[in-house]
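Colleague: Structure incoming, see below.
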Number of protein chains: 8
Amino acid sequence: MISIIMGSQSDLATLKETIKLLKEFKVGFEVKVLSAHRTPKELARYIESAPKRGVKVFIAAAGGAAALAGVIASHTTLPVIGIPLETKSLKGLDSLLSTIQMPKGIPVGCMAIGKAGAVNAGLFALAILGITNKDIQNKLIAYRKDMRIKIKKIKIKL
Amino acid sequence: MISIIMGSQSDLATLKETIKLLKEFKVGFEVKVLSAHRTPKELARYIESAPKRGVKVFIAAAGGAAALAGVIASHTTLPVIGIPLETKSLKGLDSLLSTIQMPKGIPVGCMAIGKAGAVNAGLFALAILGITNKDIQNKLIAYRKDMRIKIKKIKIKL
Amino acid sequence: MISIIMGSQSDLATLKETIKLLKEFKVGFEVKVLSAHRTPKELARYIESAPKRGVKVFIAAAGGAAALAGVIASHTTLPVIGIPLETKSLKGLDSLLSTIQMPKGIPVGCMAIGKAGAVNAGLFALAILGITNKDIQNKLIAYRKDMRIKIKKIKIKL
Amino acid sequence: MISIIMGSQSDLATLKETIKLLKEFKVGFEVKVLSAHRTPKELARYIESAPKRGVKVFIAAAGGAAALAGVIASHTTLPVIGIPLETKSLKGLDSLLSTIQMPKGIPVGCMAIGKAGAVNAGLFALAILGITNKDIQNKLIAYRKDMRIKIKKIKIKL
Amino acid sequence: MISIIMGSQSDLATLKETIKLLKEFKVGFEVKVLSAHRTPKELARYIESAPKRGVKVFIAAAGGAAALAGVIASHTTLPVIGIPLETKSLKGLDSLLSTIQMPKGIPVGCMAIGKAGAVNAGLFALAILGITNKDIQNKLIAYRKDMRIKIKKIKIKL
Amino acid sequence: MISIIMGSQSDLATLKETIKLLKEFKVGFEVKVLSAHRTPKELARYIESAPKRGVKVFIAAAGGAAALAGVIASHTTLPVIGIPLETKSLKGLDSLLSTIQMPKGIPVGCMAIGKAGAVNAGLFALAILGITNKDIQNKLIAYRKDMRIKIKKIKIKL
Amino acid sequence: MISIIMGSQSDLATLKETIKLLKEFKVGFEVKVLSAHRTPKELARYIESAPKRGVKVFIAAAGGAAALAGVIASHTTLPVIGIPLETKSLKGLDSLLSTIQMPKGIPVGCMAIGKAGAVNAGLFALAILGITNKDIQNKLIAYRKDMRIKIKKIKIKL
Amino acid sequence: MISIIMGSQSDLATLKETIKLLKEFKVGFEVKVLSAHRTPKELARYIESAPKRGVKVFIAAAGGAAALAGVIASHTTLPVIGIPLETKSLKGLDSLLSTIQMPKGIPVGCMAIGKAGAVNAGLFALAILGITNKDIQNKLIAYRKDMRIKIKKIKIKL
């Protein structure tokens, strides 16, 4: 199972991309709004209880001083995937640097800023699960093939 | 009392500036190495116990995805002052943005990158304590006067 | 009492967040439009007279070559909190760097760019006053609790 | 097994950190110098043959217009971890953006710039393998504990 | 003949500028949608077959981790011109750095971000062909002259 | 006469370039160390008294949150030329943005970062004085001619 | 007289601010559209003939690879003031760096990006002329006084 | 023939890479020191006379407000390749943006910052000439093959 955590309810606009993808792949997931800064204890408790519910991978989306993915990683040795959200002033550069520049010892696998990152976080989590799950692996291969076919069908009118 | 927290022992090179200043001002302080990412629980416990030991202000220095000041602020309503440390690749821009771009609700008062920030974090903590401590306030006024006198004494040889 | 200073009347759009918060907390404050560049003498005079009216903390918001907070800090040893405002071209990066990169000796506690910074400047000023004011301290604790409860109540429909 | 790919032999200076870590964990790995730009066909062939040799996760380090991780990801649905290397002029910002800003559909899990990223790429690969390998998972937990103990033992002399 | 390749169909909005220009110059060209990340093999095959159809110069437009121009250059020694596309969050800085910071040995001639780059990519390809094609060279000289005349005709009403 | 002001004595290393140039041109100047943040009143007093001593143009060099040139401009309607100094962490980008992004109404003519800016500040001040001083104007023309001759004399050995 | 040059007719939207100001001050000026890249010879000829028509100061506005102000400065020893225009993708950072980072020997006095820069370019040109023109100097003092009065009249309703 | 132009003699340190490459390829070239800002007329004259001497492609290297490549392009319709040089403060970001962000109508093919750009400028010029020169084209193919062989021979000792 995949756990999707967002720092604020408004982040759902971006994470809908992740949720849609996981539904398509029919892979189990749970979604939580928990903030590294506003609900640190609830977050810690949630992460520690997650493995018991079958969580194998965490996906965390946050913006600005985006500590969420890093703080999740501080509480687990399971893979944590970070999505830096676009911000109004600095356009996500702040989210990007605060998600990715993790110190030695506590890794976060960071995705692109915004919606592309949200889709890819889902695909990356599936790629992880796909290592030992032939069904997911096959669906990923089919997903890639679909993308290729779509691109090859494009006709540019000049 | 002022609590000074650094994410890694190597940060002491910068925080020595803060320590030296607080010694000059003869204001009590304690110094801890605690990491938001490597020792999240020890950090939370330390912050929660600090008020009992008389801590009024926190100073936190960290580099890279510098979650330290923000995580401290998530555990206390006391003022938290952040010092973004210079980093090898991005020169502290990463530390700066991950310390300062805090979400609504959890403030961190951020200083300049590196040693200037370390000195000013000390002065800012003293300014806070000085509001209700006439002695500290007077020392700050004297410190400023000293700076002015030093500048006025400079002779440029042409 | 808290003094809120803005460099231009248009900055009120952002500072309304600070004002609203301080009203909620029922803490005294005064609001002034004074520019480091356009009214340097009026600004100096205002800052020097402020302590007599009971001002304990300054909050300054400015954009671009945002000298306001630093210039205020040059005239007082009271804590000065800076809010870098979003700008049209550089999105507040200019405001941020010119507010935060203060030289050794003259500290400014800098907040996030824009509205998040405006709310947090208020909260940070309250945190400072709360050190010796149990009532404010309790309200801050209640404010945090409210935030937590709101987050915990969020239901994400999948 | 983990496959470690670098764009140029000089990148070994950074990847030594990854190699050292994987040796400590006694997890199988292979190391290749293959460039997305200079040996595209050899790279494609290598990636496609890797699963047969038991490769489950790719780690790719490159600098500048760092296409390596993305090109690897274009040839496999296995997880690809990217390490953006520090560069002389732009200090790794170029490597970072060209590794992380992947388009929808082809994910790369990006680490911090340079040596911290190299260590964490190893740990992240281990975290992925650890999901279904109890031994690796236990070693990761022990590794974290060691870090905590080391930090707790630090004494700061004032 | 000039080959114009875009990573995604939506990039046509920018490349229309290039196409319009080449039509005006009555120079042969072909247009393809092929992605370095989603259709790596089709892309490689297309590039290798292009010289047989008379392609002399490649123009590639891509955004984000814009590997397209570099990957094309990895498969050919013909001149490759890159157009970094504007992106939503980082405004094309990501596209720019991932197109231009190519390693020694595999050159890409990079143009400005967005539409100016799209026009200039066409003109640059024409300048290349114009070295040995007097007709194209004369048309380029006429194009420049037209620009000059247009500018000289402008009347500013005060 | 030209007034040269630096925020700190260490800035003399850069301003030596300006001083050397003005000596060569035999144009009168005075040099002061005065800080916008550490000696605001002395600075204001100095600027207001400068016209009486014949100062026609101000040159100001400062680093970090470089308020110096802007604060000088707030006290005079004479031309103020700013030199943003290189800084350790952000390499002068902070100095540049805080010197140049002045609000409507208070202009500062900003030069390049560091030594090139220091030389050019001198030349720009001379260009201003040269408008009504034929001797300075002629020296500037001779200075340009010398530069041209030097460049034309260069022989590159292949 | 002041000469105002823009690289493209569309830049008039920004330069209207400069023109309006100079009209208010009743100072003579001329306005030209001339591009460093599209009309280099016409530009050189115009600059060289300008002194004969009484031009004392040049104001140049350009965006992107904004060579205009620098190229003007290459043809004259009169003061050249540059206005970096806001650009679509990089928001004027490109215009700013290409206007301000001039090499030793050829100075350009650079203003803020966009409209603030356009107003201040006018004021800076007036400040230069005001050194030897008492009437302009007095008008500048009056202009400043007006700004101060306007700011002092502002009432913030709470 | 290829013309190599540098803005200052010190740029030769970088351009030696280009010269060495062209010597290896036994392709004719000439090298000039000419500055867009310090010798604009000599530069214009040189460019206009170059075609008569057989110049087919220009390579221009400059740093800071790097107008050189753009100004060359303003005087010719032949292909101009720009090399943005590393700078002390901004590390070449200024050179990069002022070389690449050319306006519609005047293209410059920009390379990577510094030495990689210098090598690739040579290779790109050769690729252009190689379109109609089978010998150069074959040498380029051999050069690529050599690179591949070197990479394939690398043995990493673990």
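Chain identifiers are assigned as A, B, and so on, following the order in which chains appear in the structure tokens; residues are numbered from 1 within each chain, and ligands are numbered from 1 in order of appearance.
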Give me the residues of range 93-132 of chain A that have any atom at most 12 Å from an atom of range 24-33 of chain A; for each, the nearest atom pair and the distance in Å, rounded to one decimal. Use only C-alpha atoms, sort by chain and number, and format it as CSV.
Modeller:
residue,atom,partner,partner_atom,distance
A:Val119,CA,A:Glu24,CA,11.8
A:Gly122,CA,A:Phe25,CA,9.7
A:Leu123,CA,A:Phe25,CA,9.6
A:Ala125,CA,A:Val27,CA,10.2
A:Leu126,CA,A:Val27,CA,8.3
A:Ala127,CA,A:Phe25,CA,11.5
A:Leu129,CA,A:Val27,CA,9.6
A:Gly130,CA,A:Val27,CA,10.8
Colleague: Please identify all residues of chain A having at least one atom at most 12 Å from any atom of chain C, considering only C-alpha atoms, and return them as a PyMOL selection string.
Modeller: chain A and resi 4-13+15-20+22-23+29-43+46+63-65+87-94
Colleague: Taking only chain E into account, list the residues labelled helix (DSSP H, G or I) by DSSP (computed from the backbone), as a count of residues only.
Modeller: 82
Colleague: Excluding range 53-56 of chain D and residues on its chain fewer than 5 positions from it, collect all residues at most 7 Å away from it, counting only C-alpha atoms, and give them as a PyMOL selection string.
Modeller: (chain A and resi 131) or (chain D and resi 1-3+78)
Colleague: Calculated over only C-alpha atoms, which of the candidates E:Pro79, E:Ala44, E:Gly105, E:Ala61 has the smallest distance to Ala142 in chain H?
Modeller: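 Distance minimum relative to Ala142 in chain H lands on E:Gly105.
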Colleague: Considering only C-alpha atoms, state which residue in the set C:Ala50, C:Val108, C:Ala67, C:Ala62 is at the smallest distance from Gly82 in chain B.
Modeller: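 Closest to Gly82 in chain B, using only C-alpha atoms: C:Val108.
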